[in-house]
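Enquirer: See model13.csv below, with CSV, C-alpha atoms.
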```csv
chain,number,residue,atom,x,y,z
A,1,MET,CA,-26.2,15.7,20.0
A,2,ARG,CA,-30.0,15.3,19.3
A,3,LEU,CA,-30.5,14.1,22.8
A,4,GLY,CA,-28.8,17.2,24.1
A,5,ALA,CA,-31.0,19.5,22.0
A,6,SER,CA,-34.1,17.6,23.2
A,7,SER,CA,-33.0,17.9,26.8
A,8,ALA,CA,-32.5,21.7,26.4
A,9,ARG,CA,-35.9,22.0,24.9
A,10,LEU,CA,-37.4,19.9,27.7
A,11,GLY,CA,-35.7,22.0,30.3
A,12,MET,CA,-37.0,25.2,28.6
A,13,ALA,CA,-40.5,23.7,28.6
A,14,LEU,CA,-40.3,22.9,32.3
A,15,ALA,CA,-39.1,26.3,33.1
A,16,ILE,CA,-42.0,27.9,31.2
A,17,ALA,CA,-44.4,25.6,33.0
A,18,GLY,CA,-42.9,26.7,36.3
A,19,LEU,CA,-43.3,30.4,35.5
A,20,ALA,CA,-46.9,29.8,34.5
A,21,ALA,CA,-47.6,27.9,37.8
A,22,GLY,CA,-46.0,30.7,39.7
A,23,ALA,CA,-48.2,33.2,38.0
A,24,ASP,CA,-51.2,31.1,39.0
A,25,ARG,CA,-50.1,31.1,42.6
A,26,ALA,CA,-49.6,34.8,42.7
A,27,SER,CA,-52.9,35.6,41.2
A,28,ALA,CA,-54.8,33.0,43.2
A,29,GLN,CA,-53.2,34.4,46.5
A,30,GLY,CA,-52.6,31.1,48.2
A,31,VAL,CA,-54.6,28.8,46.0
A,32,VAL,CA,-52.3,26.2,44.6
A,33,GLY,CA,-52.9,24.6,41.2
A,34,GLY,CA,-50.9,21.4,40.9
A,35,PRO,CA,-48.4,19.9,41.3
A,36,VAL,CA,-48.7,18.5,37.8
A,37,PRO,CA,-46.6,15.3,37.3
A,38,ILE,CA,-44.7,15.2,34.1
A,39,THR,CA,-43.2,11.9,33.1
A,40,LEU,CA,-39.9,12.2,31.4
A,41,ASN,CA,-38.8,9.4,29.0
A,42,LEU,CA,-35.5,8.9,27.4
A,43,SER,CA,-34.7,6.3,24.8
A,44,GLN,CA,-31.0,6.2,24.3
A,45,ASN,CA,-30.2,4.2,21.1
A,46,SER,CA,-27.3,1.8,20.9
A,47,SER,CA,-24.2,3.2,19.3
A,48,LEU,CA,-21.1,1.7,17.7
A,49,SER,CA,-18.3,3.7,16.2
A,50,VAL,CA,-14.9,3.2,14.6
A,51,THR,CA,-12.4,6.0,14.6
A,52,ILE,CA,-9.1,6.1,12.8
A,53,GLN,CA,-7.1,8.1,15.3
A,54,SER,CA,-3.9,8.1,13.1
A,55,GLY,CA,-2.5,6.5,10.1
A,56,ALA,CA,-5.6,7.0,7.9
A,57,VAL,CA,-3.4,7.8,4.9
A,58,GLN,CA,-0.6,5.4,4.0
A,59,SER,CA,1.9,5.9,1.2
A,60,ILE,CA,4.9,4.0,-0.1
A,61,ASN,CA,7.2,5.3,-2.8
A,62,SER,CA,10.1,3.1,-3.6
A,63,PRO,CA,12.1,1.8,-6.6
A,64,SER,CA,12.5,-1.6,-4.9
A,65,LEU,CA,9.1,-3.0,-4.0
A,66,SER,CA,9.4,-6.1,-6.2
A,67,ASN,CA,10.5,-9.3,-4.6
A,68,ALA,CA,10.5,-7.7,-1.2
A,69,ILE,CA,8.5,-7.0,1.9
A,70,THR,CA,7.9,-3.4,2.5
A,71,PRO,CA,6.1,-2.0,5.6
A,72,PHE,CA,3.7,0.9,5.3
A,73,PRO,CA,5.2,3.8,7.1
A,74,THR,CA,2.9,4.5,10.0
A,75,PRO,CA,0.8,2.3,12.3
A,76,ILE,CA,-3.0,2.7,12.2
A,77,GLN,CA,-4.6,3.5,15.6
A,78,ILE,CA,-8.2,2.3,15.7
A,79,LEU,CA,-10.6,3.2,18.4
A,80,THR,CA,-13.8,1.2,18.5
A,81,GLN,CA,-16.4,2.4,21.0
A,82,TRP,CA,-19.8,0.9,21.7
A,83,ASP,CA,-22.8,1.4,24.0
A,84,PHE,CA,-25.5,-1.2,23.6
A,85,ARG,CA,-28.9,-1.5,25.0
A,86,PRO,CA,-29.5,-4.6,27.2
A,87,ASN,CA,-30.2,-7.8,25.4
A,88,GLN,CA,-29.5,-6.3,22.0
A,89,VAL,CA,-26.2,-7.8,20.9
A,90,SER,CA,-24.1,-10.7,22.0
A,91,SER,CA,-21.0,-10.5,19.9
A,92,LEU,CA,-18.9,-7.9,18.4
A,93,SER,CA,-16.1,-8.1,15.8
A,94,LEU,CA,-13.7,-5.8,14.1
A,95,VAL,CA,-12.3,-6.6,10.7
A,96,ALA,CA,-10.3,-4.9,8.0
A,97,TYR,CA,-10.9,-5.8,4.4
A,98,PHE,CA,-10.6,-4.8,0.7
A,99,ALA,CA,-13.8,-4.8,-1.2
A,100,ALA,CA,-12.2,-6.4,-4.3
A,101,PRO,CA,-9.6,-8.9,-3.2
A,102,ALA,CA,-8.2,-9.5,-6.7
A,103,ALA,CA,-7.3,-5.8,-6.9
A,104,ALA,CA,-6.8,-4.4,-3.4
A,105,LEU,CA,-4.7,-1.6,-5.0
A,106,SER,CA,-5.0,-0.8,-8.6
A,107,GLY,CA,-3.1,1.3,-11.0
A,108,PRO,CA,-2.7,1.9,-14.7
A,109,ASN,CA,-0.2,-0.9,-15.1
A,110,GLY,CA,-1.9,-3.6,-13.1
A,111,SER,CA,-3.1,-4.3,-9.6
A,112,ILE,CA,-2.0,-5.7,-6.3
A,113,ALA,CA,-4.1,-8.5,-4.8
A,114,SER,CA,-5.2,-8.4,-1.2
A,115,SER,CA,-3.2,-11.5,-0.5
A,116,ARG,CA,-0.1,-9.5,-1.1
A,117,VAL,CA,-1.0,-7.1,1.7
A,118,GLN,CA,-0.6,-8.2,5.3
A,119,GLY,CA,-1.8,-6.9,8.6
A,120,GLN,CA,-0.8,-7.4,12.2
A,121,VAL,CA,-2.6,-6.2,15.3
A,122,SER,CA,0.4,-5.2,17.3
A,123,SER,CA,-1.4,-4.1,20.4
A,124,GLY,CA,-4.8,-3.9,21.9
A,125,THR,CA,-6.4,-2.3,24.9
A,126,GLY,CA,-9.9,-3.5,25.8
A,127,PRO,CA,-11.9,-6.6,26.4
A,128,ALA,CA,-11.6,-8.2,23.0
A,129,THR,CA,-9.5,-11.1,21.9
A,130,MET,CA,-6.9,-10.3,19.3
A,131,ALA,CA,-7.3,-12.5,16.2
A,132,SER,CA,-4.2,-11.5,14.2
A,133,PRO,CA,-1.3,-10.8,16.5
A,134,THR,CA,1.1,-12.0,13.7
A,135,TRP,CA,1.4,-11.0,10.1
A,136,THR,CA,-1.7,-12.2,8.3
A,137,ALA,CA,-2.5,-11.8,4.6
A,138,PHE,CA,-5.8,-10.1,3.7
A,139,SER,CA,-7.2,-13.4,2.4
A,140,GLN,CA,-9.4,-14.4,5.3
A,141,ASN,CA,-13.2,-14.7,5.1
A,142,GLY,CA,-14.2,-12.4,7.9
A,143,VAL,CA,-16.6,-13.1,10.8
A,144,GLY,CA,-20.0,-14.0,9.6
A,145,ALA,CA,-21.2,-11.2,7.4
A,146,ASN,CA,-18.5,-8.9,8.6
A,147,GLY,CA,-15.8,-8.7,5.9
A,148,ILE,CA,-15.3,-9.9,2.3
A,149,ALA,CA,-14.5,-13.5,1.5
A,150,GLY,CA,-10.9,-13.8,0.6
A,151,GLY,CA,-10.0,-10.2,1.3
A,152,THR,CA,-10.2,-9.8,5.1
A,153,VAL,CA,-8.1,-9.8,8.2
A,154,VAL,CA,-10.0,-10.3,11.4
A,155,LEU,CA,-8.6,-7.9,13.9
A,156,TRP,CA,-10.5,-9.0,17.0
A,157,THR,CA,-13.7,-10.6,18.2
A,158,PHE,CA,-15.6,-10.1,21.5
A,159,SER,CA,-17.9,-13.0,21.9
A,160,GLY,CA,-18.4,-12.7,25.7
A,161,LEU,CA,-20.7,-9.6,25.5
A,162,ASN,CA,-23.3,-9.7,28.2
A,163,ASN,CA,-25.7,-7.3,29.9
A,164,SER,CA,-23.2,-6.0,32.5
A,165,ALA,CA,-22.7,-2.3,32.1
A,166,ALA,CA,-19.0,-2.7,31.7
A,167,SER,CA,-19.6,-5.2,28.8
A,168,ARG,CA,-22.3,-3.2,27.0
A,169,LYS,CA,-20.4,0.1,27.1
A,170,ASN,CA,-16.8,-0.1,26.5
A,171,GLN,CA,-14.0,0.5,23.9
A,172,GLU,CA,-11.1,-1.1,22.3
A,173,LEU,CA,-8.0,0.7,21.1
A,174,ASN,CA,-5.7,-1.2,18.7
A,175,ARG,CA,-2.6,-0.7,16.6
A,176,LEU,CA,-2.7,-2.2,13.2
A,177,ASP,CA,0.5,-2.4,11.1
A,178,LEU,CA,0.4,-3.0,7.4
A,179,ARG,CA,3.0,-4.2,5.0
A,180,LEU,CA,3.3,-5.2,1.3
A,181,ASP,CA,4.6,-8.6,0.6
A,182,LEU,CA,5.7,-8.8,-3.1
A,183,THR,CA,8.0,-11.7,-2.6
A,184,GLY,CA,8.2,-13.5,-6.0
A,185,PHE,CA,6.3,-10.7,-7.7
A,186,ILE,CA,7.5,-8.0,-9.9
A,187,LEU,CA,5.4,-4.9,-9.6
A,188,PRO,CA,5.2,-2.9,-12.8
A,189,SER,CA,6.3,0.7,-12.3
A,190,GLY,CA,3.5,3.1,-11.6
A,191,SER,CA,1.2,4.2,-8.8
A,192,TYR,CA,-1.5,2.1,-7.2
A,193,SER,CA,-4.2,3.1,-4.8
A,194,GLY,CA,-6.8,1.4,-2.8
A,195,THR,CA,-9.0,1.6,0.3
A,196,LEU,CA,-8.8,-0.6,3.4
A,197,VAL,CA,-12.2,-0.7,5.1
A,198,ILE,CA,-12.2,-1.1,8.9
A,199,ARG,CA,-15.6,-2.4,10.0
A,200,ALA,CA,-17.1,-3.2,13.3
A,201,MET,CA,-20.2,-5.3,13.5
A,202,ALA,CA,-22.4,-6.2,16.5
A,203,LEU,CA,-24.8,-9.1,16.4
B,1,MET,CA,-59.7,3.5,22.3
B,2,LYS,CA,-59.2,-0.1,23.3
B,3,THR,CA,-58.2,-0.9,19.8
B,4,LEU,CA,-55.7,1.9,19.8
B,5,ARG,CA,-54.1,0.6,23.0
B,6,SER,CA,-53.8,-2.8,21.4
B,7,LEU,CA,-52.1,-1.4,18.4
B,8,THR,CA,-49.7,0.6,20.5
B,9,ALA,CA,-48.8,-2.5,22.5
B,10,ALA,CA,-48.2,-4.4,19.3
B,11,ALA,CA,-46.0,-1.7,18.0
B,12,ALA,CA,-44.0,-1.6,21.2
B,13,LEU,CA,-43.5,-5.4,21.0
B,14,LEU,CA,-42.3,-5.0,17.5
B,15,VAL,CA,-39.7,-2.5,18.5
B,16,VAL,CA,-38.5,-4.8,21.2
B,17,ALA,CA,-38.3,-7.7,18.8
B,18,ASN,CA,-36.4,-5.6,16.3
B,19,SER,CA,-33.9,-4.3,18.9
B,20,ALA,CA,-33.4,-7.9,20.2
B,21,HIS,CA,-32.1,-8.9,16.7
B,22,ALA,CA,-30.3,-5.7,15.9
B,23,GLN,CA,-27.2,-5.7,13.7
B,24,LEU,CA,-25.0,-2.7,14.2
B,25,THR,CA,-22.1,-1.7,12.0
B,26,ALA,CA,-19.6,1.1,11.9
B,27,THR,CA,-16.9,1.6,9.3
B,28,ALA,CA,-13.9,3.7,8.7
B,29,ALA,CA,-11.4,3.8,5.8
B,30,VAL,CA,-7.7,3.9,5.4
B,31,ALA,CA,-6.4,5.2,2.1
B,32,LEU,CA,-3.4,3.2,0.7
B,33,SER,CA,-1.1,4.4,-2.0
B,34,VAL,CA,1.9,2.5,-3.4
B,35,THR,CA,4.2,3.9,-6.0
B,36,GLN,CA,6.7,1.6,-7.7
B,37,GLN,CA,9.3,4.0,-9.1
B,38,SER,CA,10.8,3.3,-12.5
B,39,VAL,CA,14.0,1.2,-12.5
B,40,LEU,CA,16.9,1.3,-14.9
B,41,THR,CA,20.2,-0.1,-13.6
B,42,ILE,CA,23.5,-1.5,-14.8
B,43,THR,CA,26.0,-3.4,-12.7
B,44,THR,CA,29.2,-5.0,-13.8
B,45,SER,CA,31.0,-7.9,-12.2
B,46,THR,CA,34.2,-6.0,-12.1
B,47,PRO,CA,35.2,-2.3,-12.1
B,48,SER,CA,38.3,-2.8,-14.3
B,49,VAL,CA,39.9,-5.3,-16.6
B,50,SER,CA,43.5,-5.4,-17.9
B,51,VAL,CA,45.6,-7.2,-20.5
B,52,THR,CA,49.4,-7.4,-20.9
B,53,ASN,CA,50.8,-7.5,-24.3
B,54,VAL,CA,48.6,-7.3,-27.3
B,55,ALA,CA,49.2,-10.1,-29.7
B,56,ALA,CA,50.2,-9.2,-33.3
B,57,GLY,CA,47.9,-10.3,-36.0
B,58,ALA,CA,45.1,-11.2,-33.6
B,59,VAL,CA,42.4,-9.8,-31.3
B,60,THR,CA,43.5,-9.8,-27.7
B,61,TYR,CA,40.5,-9.9,-25.4
B,62,PHE,CA,40.3,-8.5,-21.9
B,63,PRO,CA,39.0,-11.0,-19.3
B,64,GLN,CA,35.3,-11.6,-19.9
B,65,PHE,CA,33.0,-9.9,-17.4
B,66,ASN,CA,29.3,-9.8,-16.7
B,67,VAL,CA,27.0,-7.0,-17.2
B,68,THR,CA,23.6,-7.2,-15.4
B,69,THR,CA,20.9,-4.9,-16.6
B,70,ALA,CA,17.5,-4.4,-15.0
B,71,TRP,CA,14.6,-2.3,-15.8
B,72,ASN,CA,11.0,-1.7,-14.7
B,73,GLN,CA,9.5,1.0,-16.9
B,74,PRO,CA,6.0,2.0,-18.1
B,75,THR,CA,5.5,1.1,-21.7
B,76,SER,CA,5.0,4.8,-22.3
B,77,ALA,CA,8.7,5.4,-21.5
B,78,GLY,CA,9.8,4.2,-25.0
B,79,THR,CA,9.8,1.5,-27.6
B,80,ASN,CA,13.1,-0.3,-27.0
B,81,VAL,CA,15.6,-1.1,-24.3
B,82,GLN,CA,19.2,-0.8,-25.5
B,83,LEU,CA,22.6,-1.5,-24.0
B,84,ILE,CA,25.2,0.7,-25.5
B,85,GLY,CA,28.9,0.9,-24.9
B,86,TYR,CA,30.8,4.0,-25.9
B,87,PHE,CA,34.0,5.9,-25.5
B,88,ALA,CA,34.0,9.6,-24.8
B,89,SER,CA,36.4,10.3,-27.6
B,90,ALA,CA,37.9,8.7,-30.7
B,91,ASN,CA,40.8,7.7,-28.6
B,92,ALA,CA,39.6,4.7,-26.5
B,93,LEU,CA,42.8,4.4,-24.5
B,94,THR,CA,45.6,6.9,-24.1
B,95,GLY,CA,49.1,6.5,-22.8
B,96,THR,CA,52.5,8.0,-22.7
B,97,SER,CA,53.4,6.3,-25.9
B,98,GLY,CA,50.4,7.3,-27.9
B,99,ASN,CA,46.7,6.4,-28.2
B,100,ILE,CA,44.6,3.4,-29.1
B,101,PRO,CA,41.7,4.5,-31.3
B,102,THR,CA,38.2,3.2,-30.9
B,103,SER,CA,38.5,1.5,-34.3
B,104,ARG,CA,41.0,-0.9,-32.7
B,105,VAL,CA,38.6,-1.8,-29.8
B,106,VAL,CA,35.9,-4.3,-30.5
B,107,GLY,CA,33.1,-5.6,-28.3
B,108,TYR,CA,30.3,-8.1,-28.3
B,109,ILE,CA,28.0,-10.2,-26.1
B,110,GLY,CA,26.6,-13.6,-26.7
B,111,ALA,CA,26.7,-14.8,-30.3
B,112,ASN,CA,27.0,-11.4,-31.7
B,113,ALA,CA,29.9,-10.6,-34.0
B,114,PRO,CA,32.7,-8.4,-32.6
B,115,ALA,CA,32.1,-4.8,-33.7
B,116,PRO,CA,34.5,-1.8,-33.4
B,117,PHE,CA,33.5,1.1,-31.3
B,118,THR,CA,33.0,3.4,-34.3
B,119,SER,CA,29.3,3.6,-34.7
B,120,ALA,CA,26.8,6.3,-33.6
B,121,VAL,CA,24.0,4.7,-31.7
B,122,SER,CA,21.1,6.8,-30.3
B,123,GLY,CA,23.2,9.8,-30.0
B,124,TYR,CA,26.3,8.1,-28.6
B,125,THR,CA,29.3,8.1,-30.9
B,126,ASN,CA,32.3,5.8,-30.8
B,127,ALA,CA,29.8,3.2,-29.7
B,128,VAL,CA,28.6,-0.4,-30.0
B,129,GLN,CA,25.0,-1.4,-29.5
B,130,PHE,CA,25.2,-4.7,-27.5
B,131,PHE,CA,21.5,-5.5,-27.4
B,132,THR,CA,18.1,-4.0,-28.1
B,133,GLN,CA,14.8,-5.4,-27.2
B,134,THR,CA,11.2,-4.3,-27.3
B,135,LEU,CA,10.1,-2.7,-24.0
B,136,ALA,CA,6.4,-3.7,-24.5
B,137,SER,CA,7.3,-7.4,-24.5
B,138,ALA,CA,9.1,-7.1,-21.2
B,139,PRO,CA,8.6,-3.8,-19.4
B,140,ASN,CA,9.9,-5.4,-16.1
B,141,SER,CA,12.9,-7.5,-16.7
B,142,SER,CA,16.6,-8.1,-16.1
B,143,ARG,CA,19.4,-10.0,-17.9
B,144,THR,CA,23.0,-10.8,-17.4
B,145,ASP,CA,25.3,-10.8,-20.4
B,146,ALA,CA,28.9,-11.9,-20.6
B,147,MET,CA,30.8,-9.1,-22.3
B,148,ASN,CA,33.8,-9.4,-24.4
B,149,ILE,CA,36.0,-6.4,-25.1
B,150,GLY,CA,39.1,-6.9,-27.3
B,151,LEU,CA,41.9,-5.0,-28.9
B,152,ASP,CA,42.0,-5.8,-32.6
B,153,TYR,CA,45.5,-5.7,-34.0
B,154,SER,CA,44.9,-8.4,-36.5
B,155,ALA,CA,45.7,-6.1,-39.4
B,156,THR,CA,48.0,-3.5,-38.0
B,157,ALA,CA,51.1,-3.2,-35.9
B,158,THR,CA,50.7,-3.6,-32.2
B,159,PRO,CA,50.7,-0.5,-30.0
B,160,THR,CA,54.0,1.1,-29.0
B,161,ALA,CA,55.3,-0.2,-25.8
B,162,GLY,CA,53.9,1.6,-22.8
B,163,SER,CA,50.8,1.8,-20.5
B,164,TYR,CA,47.4,2.8,-21.8
B,165,ALA,CA,44.2,3.4,-20.0
B,166,GLY,CA,40.7,4.2,-21.0
B,167,THR,CA,37.1,4.1,-19.9
B,168,LEU,CA,34.4,2.2,-21.6
B,169,ASN,CA,31.0,3.7,-20.7
B,170,LEU,CA,27.9,1.4,-20.6
B,171,VAL,CA,24.4,2.9,-20.8
B,172,LEU,CA,21.0,1.3,-20.6
B,173,LEU,CA,18.7,3.4,-22.7
B,174,VAL,CA,14.9,3.3,-23.0
B,175,GLN,CA,13.9,5.2,-26.1
```
As structure tokens, how would this structure be written, given the file I've shared?

Expert:
Amino acid sequence: MRLGASSARLGMALAIAGLAAGADRASAQGVVGGPVPITLNLSQNSSLSVTIQSGAVQSINSPSLSNAITPFPTPIQILTQWDFRPNQVSSLSLVAYFAAPAAALSGPNGSIASSRVQGQVSSGTGPATMASPTWTAFSQNGVGANGIAGGTVVLWTFSGLNNSAASRKNQELNRLDLRLDLTGFILPSGSYSGTLVIRAMAL
Amino acid sequence: MKTLRSLTAAAALLVVANSAHAQLTATAAVALSVTQQSVLTITTSTPSVSVTNVAAGAVTYFPQFNVTTAWNQPTSAGTNVQLIGYFASANALTGTSGNIPTSRVVGYIGANAPAPFTSAVSGYTNAVQFFTQTLASAPNSSRTDAMNIGLDYSATATPTAGSYAGTLNLVLLVQ
């Protein structure tokens, strides 16, 4: 959006310069001042974004969560888009994690550890390699600095990033399913809430 | 001027160096909410029990059956969990030849003594309290008890010949 505004201002400035030059020509009656070369520079920064297209709010309300596996109701559609400058990054990863693994969801009567929440990347469209195509507990360590130790599921990695235009500017669309695995665990009655962070990191 | 150009060149190199080691991140969040509803259930191993011929001078028990109770309650729901059995009226069983009063019906679980269904327990009359336990010590729990229900004609004459039927109600109460 800033670039667009700058372009508009630049266009206006050029237009004003053109009018002034025209005025000079008219008044000089055939004497031309210029042309004046103007160097145009653009520095387009790298960009990386993660968008939750659907499923950003998940809710389960049941009397029988204990000792059972219960899926969250709707899949999460995640769109990751990137546009990197050449030679800037070589790898990209997308992880999902809970900031506090011991209490991924917490409530007045206790908490649910991240290891009792599982994720599965059911589908992916893009150049990345799926890391968790089967149900995986949120107890992984992440990718480098991306994620929280013991509270992460790695969704995908893209280590083959190169300077080709198709590699530097691309996108990945994924479906992430979540479920609660309370097998062998009695959940005290009450409401629990938590936040699952989806994070992309380029290095 | 020359110094300024040198500084500008150095700054440009610095930008390149920084961009070459850039770390970019982007995050989004999914809000999760889980509600474990309160649970309070009773199940019995059989829907009905029968006896034929009440013995004189004794307590005749129906076949023993199991009662499974389960609860998952916030401690704010109450102090105790109670299993209560009661009859809706003072006549526990009725028949074409008369009635069997609740005073003639006894019940117990475990090592408890048989008690007639003549008490008032937590608002239930013609009742027996089978167990009570503190909710705070076990807010999420379940138990299975073998229940014994008998007809006590140890001190009175046996019922008049005929068929009798009645309904014992079991309630699990957190209070």

Enquirer: Contacts of stretch 158-160 of chain B at 10 Å or less, counting all atoms listed in the file, minus same-chain residues fewer than 4 places along, as a list in words?

Expert: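 The neighbour list is Asn53, Val54, Ala55, Ala56, Gly57, Ala58, Gly95, Thr96, Ser97, Gly98, Asn99, Ile100, Leu151, Asp152, Tyr153, Ser154 and Tyr164 of chain B.
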
Enquirer: With 7 Å as the limit and counting all atoms listed in the file, what residues in chain A lie close to chain B? Please list them as a PyMOL selection string.

Expert: chain A and resi 48-52+56-63+65+87-89+187-203

Enquirer: Which polymer residues, whether protein, DNA or RNA, lie within 7 Å of the coordinate (19.4, 2.5, -16.9) when you count all atoms listed in the file? List them as a count of residues only, using the chain letters and numbers from the file.

Expert: 7

Enquirer: Rounded to one decimal place, report the atom CA of A:Thr129-atom CA of A:Ala104 distance in Å.

Expert: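 We find that atom CA of A:Thr129 and atom CA of A:Ala104 lie 26.3 Å from each other.
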
Enquirer: Give one line per residue of stretch 101-196 of chain A that approaches stretch 76-86 of chain A to at most 6 Å, naming the two atoms of the closest pair and their distance in Å to one decimal, counting only C-alpha atoms; sort by chain then ascending residue number and deliver it as CSV.

Expert:
```
residue,atom,partner,partner_atom,distance
A:Asn163,CA,A:Pro86,CA,5.4
A:Arg168,CA,A:Phe84,CA,5.1
A:Lys169,CA,A:Asp83,CA,4.1
A:Asn170,CA,A:Trp82,CA,5.7
A:Gln171,CA,A:Gln81,CA,4.2
A:Glu172,CA,A:Thr80,CA,5.2
A:Leu173,CA,A:Leu79,CA,4.5
A:Asn174,CA,A:Ile78,CA,5.2
A:Arg175,CA,A:Gln77,CA,4.8
A:Leu176,CA,A:Ile76,CA,5.0
```

Enquirer: Compare A:Thr125, A:Ser115, A:Thr134, A:Gln44 by their minimum atom-to-atom distance to A:Gly150, counting all atoms listed in the file, and give me the closest one.

Expert: A:Ser115

Enquirer: To one decimal in Å, tell me the separation between atom CA of B:Ala138 and atom CA of A:Phe72.

Expert: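 Distance between the two atoms: 28.2 Å.
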
Enquirer: Using only C-alpha atoms, find the one residue out of A:Thr136, A:Ser111, A:Ser106, A:Ser93 that sits nearest to A:Trp156.

Expert: A:Ser93

Enquirer: Could you jot down the atom CA of A:Thr70 to atom CA of A:Gln118 separation for me, Å, one decimal place?

Expert: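 Computing it gives 10.2 Å between the two atoms.
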
Enquirer: Select, from B:Ser163, B:Thr132, B:Gln64, B:Ser45, the residue with the minimum atom-to-atom distance to B:Val81, counting all atoms listed in the file.

Expert: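 Answer, going by the shortest atom-to-atom distance: B:Thr132.
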
Enquirer: Show me, as a list in words, the residues that have an atom within 6 Å of B:Gly150 when counting only C-alpha atoms, minus same-chain residues fewer than 5 positions from it.

Expert: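 The residues satisfying every condition are Val59, Thr60, Tyr61, Phe62, Val105 and Val106 of chain B.
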
Enquirer: Determine, counting only C-alpha atoms, which protein, DNA and RNA residues have an atom within 7 Å of an atom of stretch 108-112 of chain B; residues of the same chain fewer than 4 positions away are not included. Present the result as a PyMOL selection string.

Expert: chain B and resi 130+145-149

Enquirer: Need to verify the contact set: A:Ala100, 9 Å, all atoms listed in the file, exclusion of same-chain residues closer than 5 positions in sequence. Can you return it as a PyMOL selection string?

Expert: chain A and resi 105+113-114+148+150-151

Enquirer: Would you output that residue set with C-alpha atoms, as a PDB file, in the coordinates of the input?

Expert:
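Ended up saving to result.pdb:
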```
ATOM      1  CA  LEU A 105      -4.700  -1.600  -5.000  1.00  0.00           C
ATOM      2  CA  ALA A 113      -4.100  -8.500  -4.800  1.00  0.00           C
ATOM      3  CA  SER A 114      -5.200  -8.400  -1.200  1.00  0.00           C
ATOM      4  CA  ILE A 148     -15.300  -9.900   2.300  1.00  0.00           C
ATOM      5  CA  GLY A 150     -10.900 -13.800   0.600  1.00  0.00           C
ATOM      6  CA  GLY A 151     -10.000 -10.200   1.300  1.00  0.00           C
TER       7      GLY A 151
END
```
